[in-house]
Amino acid sequence: MTGLGYTLPAVLAVVAVCVWEVAVLRTGLFRRPAYWLSMAIVTGFQVPVDGWLTKLSAPIVLYDEHHTSGIRFPFDIPVEDFLFGWALVTAVLLLWERQRLSDRREEDAA
């Protein structure tokens with residue numbers, strides 16, 4: 001089945017991170033302009049690096065096309081790379097934000 005090997009886990013990672021924030025952590029991170037600016041900066045660095053690594057003319061990293069959606073944009077970057085990248089960076093930022101809020105509550109209680 002085309003796309004299930006890499007695409008399905010990438011989509012599930014995004015969904016899991018969103019559900020984790022909305023249903024469990026509730027940090028409000030998605031409402032903060034600083035979060036979206038951070039993601040724009042990450043993407044700004046990801047595109048040239050990932051583009052260089054995955055360019056079809058001389059790839060350093062190879063993907064089995066039977067396990068991806070086949071959508072590559074820009075510079076031949078598999079779209080799944082952006083999904084996994086978003087999930088990873090967002091999960092880390094959510095953990096940092098959760099810890100920051102926890103530390104603030106402890107300081108207020110003291």
# chains A, B, ... in the order shown; residues from 1 in each chain; ligands from 1
call {"tool": "closest_atom_pairs", "arguments": {"of": "segment 52-88 of chain A", "to": "segment 32-40 of chain A", "cutoff": "12 Å", "atoms": "only C-alpha atoms", "output": "tab-separated table"}}
result
residue	atom	partner	partner_atom	distance
A:Phe82	CA	A:Met39	CA	10.7
A:Leu83	CA	A:Met39	CA	11.9
A:Gly85	CA	A:Met39	CA	9.7
A:Trp86	CA	A:Met39	CA	7.7
A:Ala87	CA	A:Met39	CA	10.7
A:Leu88	CA	A:Met39	CA	11.2
call {"tool": "residues_around", "arguments": {"residues": "Pro74 of chain A", "least_positions_apart": "6", "cutoff": "10 Å", "atoms": "only C-alpha atoms", "output": "PyMOL selection string"}}
result
chain A and resi 47-48+50-51+55
call {"tool": "write_last_selection", "arguments": {"atoms": "N, CA and C atoms", "output": "compact mmCIF listing (two decimals), in the first residue's frame"}}
result
# COMPACT_ATOMS: atom_id res chain seq x y z
N VAL A 47 14.07 23.89 4.97
CA VAL A 47 13.92 23.81 3.51
C VAL A 47 15.27 23.68 2.80
N PRO A 48 16.23 24.57 3.04
CA PRO A 48 17.48 24.40 2.29
C PRO A 48 18.26 23.13 2.68
N ASP A 50 17.05 20.20 4.13
CA ASP A 50 16.32 19.02 3.68
C ASP A 50 16.29 18.95 2.15
N GLY A 51 16.17 20.10 1.52
CA GLY A 51 16.20 20.14 0.06
C GLY A 51 17.51 19.61 -0.50
N LYS A 55 17.32 16.06 -2.63
CA LYS A 55 17.15 16.42 -4.05
C LYS A 55 17.28 15.18 -4.92
call {"tool": "residues_around", "arguments": {"residues": "segment 56-64 of chain A", "least_positions_apart": "3", "cutoff": "9 Å", "atoms": "only C-alpha atoms", "output": "PyMOL selection string"}}
result
chain A and resi 52-53+67-68+75-78
call {"tool": "atom_distance", "arguments": {"atom1": "atom CA of Val22 of chain A", "atom2": "atom CA of Asp108 of chain A"}}
result
24.6 Å
call {"tool": "residues_around", "arguments": {"residues": "segment 97-107 of chain A", "least_positions_apart": "5", "cutoff": "12 Å", "atoms": "only C-alpha atoms", "output": "PyMOL selection string"}}
result
chain A and resi 20-21+24-30+32+34-35+90-92
call {"tool": "write_last_selection", "arguments": {"atoms": "N, CA, C and O atoms", "output": "PDB file, in the first residue's frame"}}
result
ATOM      1  N   TRP A  20      -2.709  15.975  22.098  1.00  0.00           N
ATOM      2  CA  TRP A  20      -1.980  16.102  23.364  1.00  0.00           C
ATOM      3  C   TRP A  20      -2.075  17.528  23.901  1.00  0.00           C
ATOM      4  O   TRP A  20      -2.328  17.730  25.087  1.00  0.00           O
ATOM      5  N   GLU A  21      -1.906  18.512  23.027  1.00  0.00           N
ATOM      6  CA  GLU A  21      -1.995  19.909  23.460  1.00  0.00           C
ATOM      7  C   GLU A  21      -3.423  20.285  23.841  1.00  0.00           C
ATOM      8  O   GLU A  21      -3.664  20.853  24.905  1.00  0.00           O
ATOM      9  N   VAL A  24      -4.820  17.470  26.761  1.00  0.00           N
ATOM     10  CA  VAL A  24      -4.056  17.136  27.964  1.00  0.00           C
ATOM     11  C   VAL A  24      -3.288  18.343  28.503  1.00  0.00           C
ATOM     12  O   VAL A  24      -3.511  18.773  29.634  1.00  0.00           O
ATOM     13  N   LEU A  25      -2.358  18.859  27.722  1.00  0.00           N
ATOM     14  CA  LEU A  25      -1.456  19.895  28.231  1.00  0.00           C
ATOM     15  C   LEU A  25      -2.132  21.256  28.387  1.00  0.00           C
ATOM     16  O   LEU A  25      -1.931  21.934  29.379  1.00  0.00           O
ATOM     17  N   ARG A  26      -2.848  21.683  27.378  1.00  0.00           N
ATOM     18  CA  ARG A  26      -3.576  22.963  27.389  1.00  0.00           C
ATOM     19  C   ARG A  26      -2.672  24.137  27.743  1.00  0.00           C
ATOM     20  O   ARG A  26      -2.996  24.958  28.605  1.00  0.00           O
ATOM     21  N   THR A  27      -1.536  24.235  27.065  1.00  0.00           N
ATOM     22  CA  THR A  27      -0.601  25.326  27.334  1.00  0.00           C
ATOM     23  C   THR A  27      -0.976  26.620  26.622  1.00  0.00           C
ATOM     24  O   THR A  27      -0.494  27.680  26.992  1.00  0.00           O
ATOM     25  N   GLY A  28      -1.794  26.522  25.593  1.00  0.00           N
ATOM     26  CA  GLY A  28      -2.135  27.698  24.801  1.00  0.00           C
ATOM     27  C   GLY A  28      -1.063  28.068  23.786  1.00  0.00           C
ATOM     28  O   GLY A  28      -1.102  29.152  23.203  1.00  0.00           O
ATOM     29  N   LEU A  29      -0.120  27.174  23.579  1.00  0.00           N
ATOM     30  CA  LEU A  29       1.014  27.462  22.695  1.00  0.00           C
ATOM     31  C   LEU A  29       0.569  27.833  21.285  1.00  0.00           C
ATOM     32  O   LEU A  29       1.127  28.745  20.678  1.00  0.00           O
ATOM     33  N   PHE A  30      -0.442  27.154  20.770  1.00  0.00           N
ATOM     34  CA  PHE A  30      -0.875  27.403  19.391  1.00  0.00           C
ATOM     35  C   PHE A  30      -1.456  28.805  19.201  1.00  0.00           C
ATOM     36  O   PHE A  30      -1.571  29.279  18.077  1.00  0.00           O
ATOM     37  N   ARG A  32      -0.065  31.515  20.456  1.00  0.00           N
ATOM     38  CA  ARG A  32       1.004  32.490  20.663  1.00  0.00           C
ATOM     39  C   ARG A  32       1.741  32.787  19.361  1.00  0.00           C
ATOM     40  O   ARG A  32       2.232  31.879  18.688  1.00  0.00           O
ATOM     41  N   ALA A  34       4.651  33.918  19.004  1.00  0.00           N
ATOM     42  CA  ALA A  34       6.040  33.476  19.115  1.00  0.00           C
ATOM     43  C   ALA A  34       6.195  32.031  18.657  1.00  0.00           C
ATOM     44  O   ALA A  34       7.226  31.665  18.078  1.00  0.00           O
ATOM     45  N   TYR A  35       5.183  31.210  18.902  1.00  0.00           N
ATOM     46  CA  TYR A  35       5.237  29.818  18.442  1.00  0.00           C
ATOM     47  C   TYR A  35       5.280  29.784  16.918  1.00  0.00           C
ATOM     48  O   TYR A  35       6.109  29.088  16.334  1.00  0.00           O
ATOM     49  N   THR A  90       7.211  20.820  17.731  1.00  0.00           N
ATOM     50  CA  THR A  90       6.069  21.254  18.538  1.00  0.00           C
ATOM     51  C   THR A  90       5.998  20.474  19.840  1.00  0.00           C
ATOM     52  O   THR A  90       5.723  21.058  20.897  1.00  0.00           O
ATOM     53  N   ALA A  91       6.263  19.176  19.816  1.00  0.00           N
ATOM     54  CA  ALA A  91       6.242  18.383  21.046  1.00  0.00           C
ATOM     55  C   ALA A  91       7.281  18.896  22.041  1.00  0.00           C
ATOM     56  O   ALA A  91       7.000  19.017  23.242  1.00  0.00           O
ATOM     57  N   VAL A  92       8.462  19.228  21.567  1.00  0.00           N
ATOM     58  CA  VAL A  92       9.498  19.762  22.456  1.00  0.00           C
ATOM     59  C   VAL A  92       9.069  21.112  23.029  1.00  0.00           C
ATOM     60  O   VAL A  92       9.208  21.361  24.233  1.00  0.00           O
TER      61      VAL A  92
END
call {"tool": "select_by_dssp", "arguments": {"residues": "chain A", "states": "helix (DSSP H, G or I)", "output": "ChimeraX atom specification"}}
result
/A:7-25,29-31,33-54,65-67,79-109
call {"tool": "write_last_selection", "arguments": {"atoms": "C-alpha atoms", "output": "CSV table (one decimal), in the first residue's frame"}}
result
chain,number,residue,atom,x,y,z
A,7,THR,CA,2.9,9.0,5.4
A,8,LEU,CA,0.6,7.4,8.0
A,9,PRO,CA,3.0,7.7,10.9
A,10,ALA,CA,3.7,11.3,9.9
A,11,VAL,CA,0.1,12.2,9.9
A,12,LEU,CA,-0.6,10.4,13.1
A,13,ALA,CA,2.3,12.2,14.8
A,14,VAL,CA,0.8,15.6,13.9
A,15,VAL,CA,-2.7,14.5,15.1
A,16,ALA,CA,-1.2,13.0,18.3
A,17,VAL,CA,0.7,16.3,19.1
A,18,CYS,CA,-2.4,18.4,18.5
A,19,VAL,CA,-4.6,16.1,20.6
A,20,TRP,CA,-2.0,16.1,23.4
A,21,GLU,CA,-2.0,19.9,23.5
A,22,VAL,CA,-5.8,20.4,23.2
A,23,ALA,CA,-6.9,17.6,25.5
A,24,VAL,CA,-4.1,17.1,28.0
A,25,LEU,CA,-1.5,19.9,28.2
A,29,LEU,CA,1.0,27.5,22.7
A,30,PHE,CA,-0.9,27.4,19.4
A,31,ARG,CA,-2.4,30.8,20.2
A,33,PRO,CA,2.6,34.4,17.8
A,34,ALA,CA,6.0,33.5,19.1
A,35,TYR,CA,5.2,29.8,18.4
A,36,TRP,CA,4.3,30.5,14.8
A,37,LEU,CA,7.4,32.7,14.4
A,38,SER,CA,9.5,29.9,15.8
A,39,MET,CA,8.0,27.4,13.3
A,40,ALA,CA,8.6,29.8,10.4
A,41,ILE,CA,12.3,30.0,11.5
A,42,VAL,CA,12.6,26.2,11.8
A,43,THR,CA,11.0,25.8,8.3
A,44,GLY,CA,13.3,28.5,6.9
A,45,PHE,CA,16.3,26.4,7.9
A,46,GLN,CA,14.7,23.0,7.2
A,47,VAL,CA,13.9,23.8,3.5
A,48,PRO,CA,17.5,24.4,2.3
A,49,VAL,CA,19.0,21.6,4.4
A,50,ASP,CA,16.3,19.0,3.7
A,51,GLY,CA,16.2,20.1,0.1
A,52,TRP,CA,19.9,19.5,-0.3
A,53,LEU,CA,19.7,16.1,1.4
A,54,THR,CA,16.7,14.8,-0.6
A,65,GLU,CA,8.6,5.9,-3.0
A,66,HIS,CA,6.2,3.0,-2.1
A,67,HIS,CA,6.2,4.3,1.5
A,79,VAL,CA,6.0,16.4,2.4
A,80,GLU,CA,6.2,13.8,5.2
A,81,ASP,CA,9.5,15.4,6.4
A,82,PHE,CA,7.6,18.6,7.2
A,83,LEU,CA,4.9,16.7,9.1
A,84,PHE,CA,7.4,14.8,11.3
A,85,GLY,CA,9.5,17.9,11.8
A,86,TRP,CA,6.5,19.9,12.9
A,87,ALA,CA,5.4,17.2,15.3
A,88,LEU,CA,8.9,16.9,16.8
A,89,VAL,CA,9.6,20.6,17.3
A,90,THR,CA,6.1,21.3,18.5
A,91,ALA,CA,6.2,18.4,21.0
A,92,VAL,CA,9.5,19.8,22.5
A,93,LEU,CA,8.1,23.3,22.7
A,94,LEU,CA,5.0,22.0,24.4
A,95,LEU,CA,7.1,20.2,27.0
A,96,TRP,CA,9.2,23.3,27.6
A,97,GLU,CA,6.0,25.4,27.9
A,98,ARG,CA,4.4,22.9,30.3
A,99,GLN,CA,7.6,22.9,32.5
A,100,ARG,CA,7.6,26.7,32.4
A,101,LEU,CA,4.0,26.9,33.6
A,102,SER,CA,4.7,24.3,36.3
A,103,ASP,CA,7.7,26.2,37.5
A,104,ARG,CA,5.7,29.4,37.6
A,105,ARG,CA,2.9,27.8,39.7
A,106,GLU,CA,5.5,26.5,42.2
A,107,GLU,CA,7.0,29.9,42.5
A,108,ASP,CA,3.6,31.5,43.1
A,109,ALA,CA,2.8,28.9,45.7
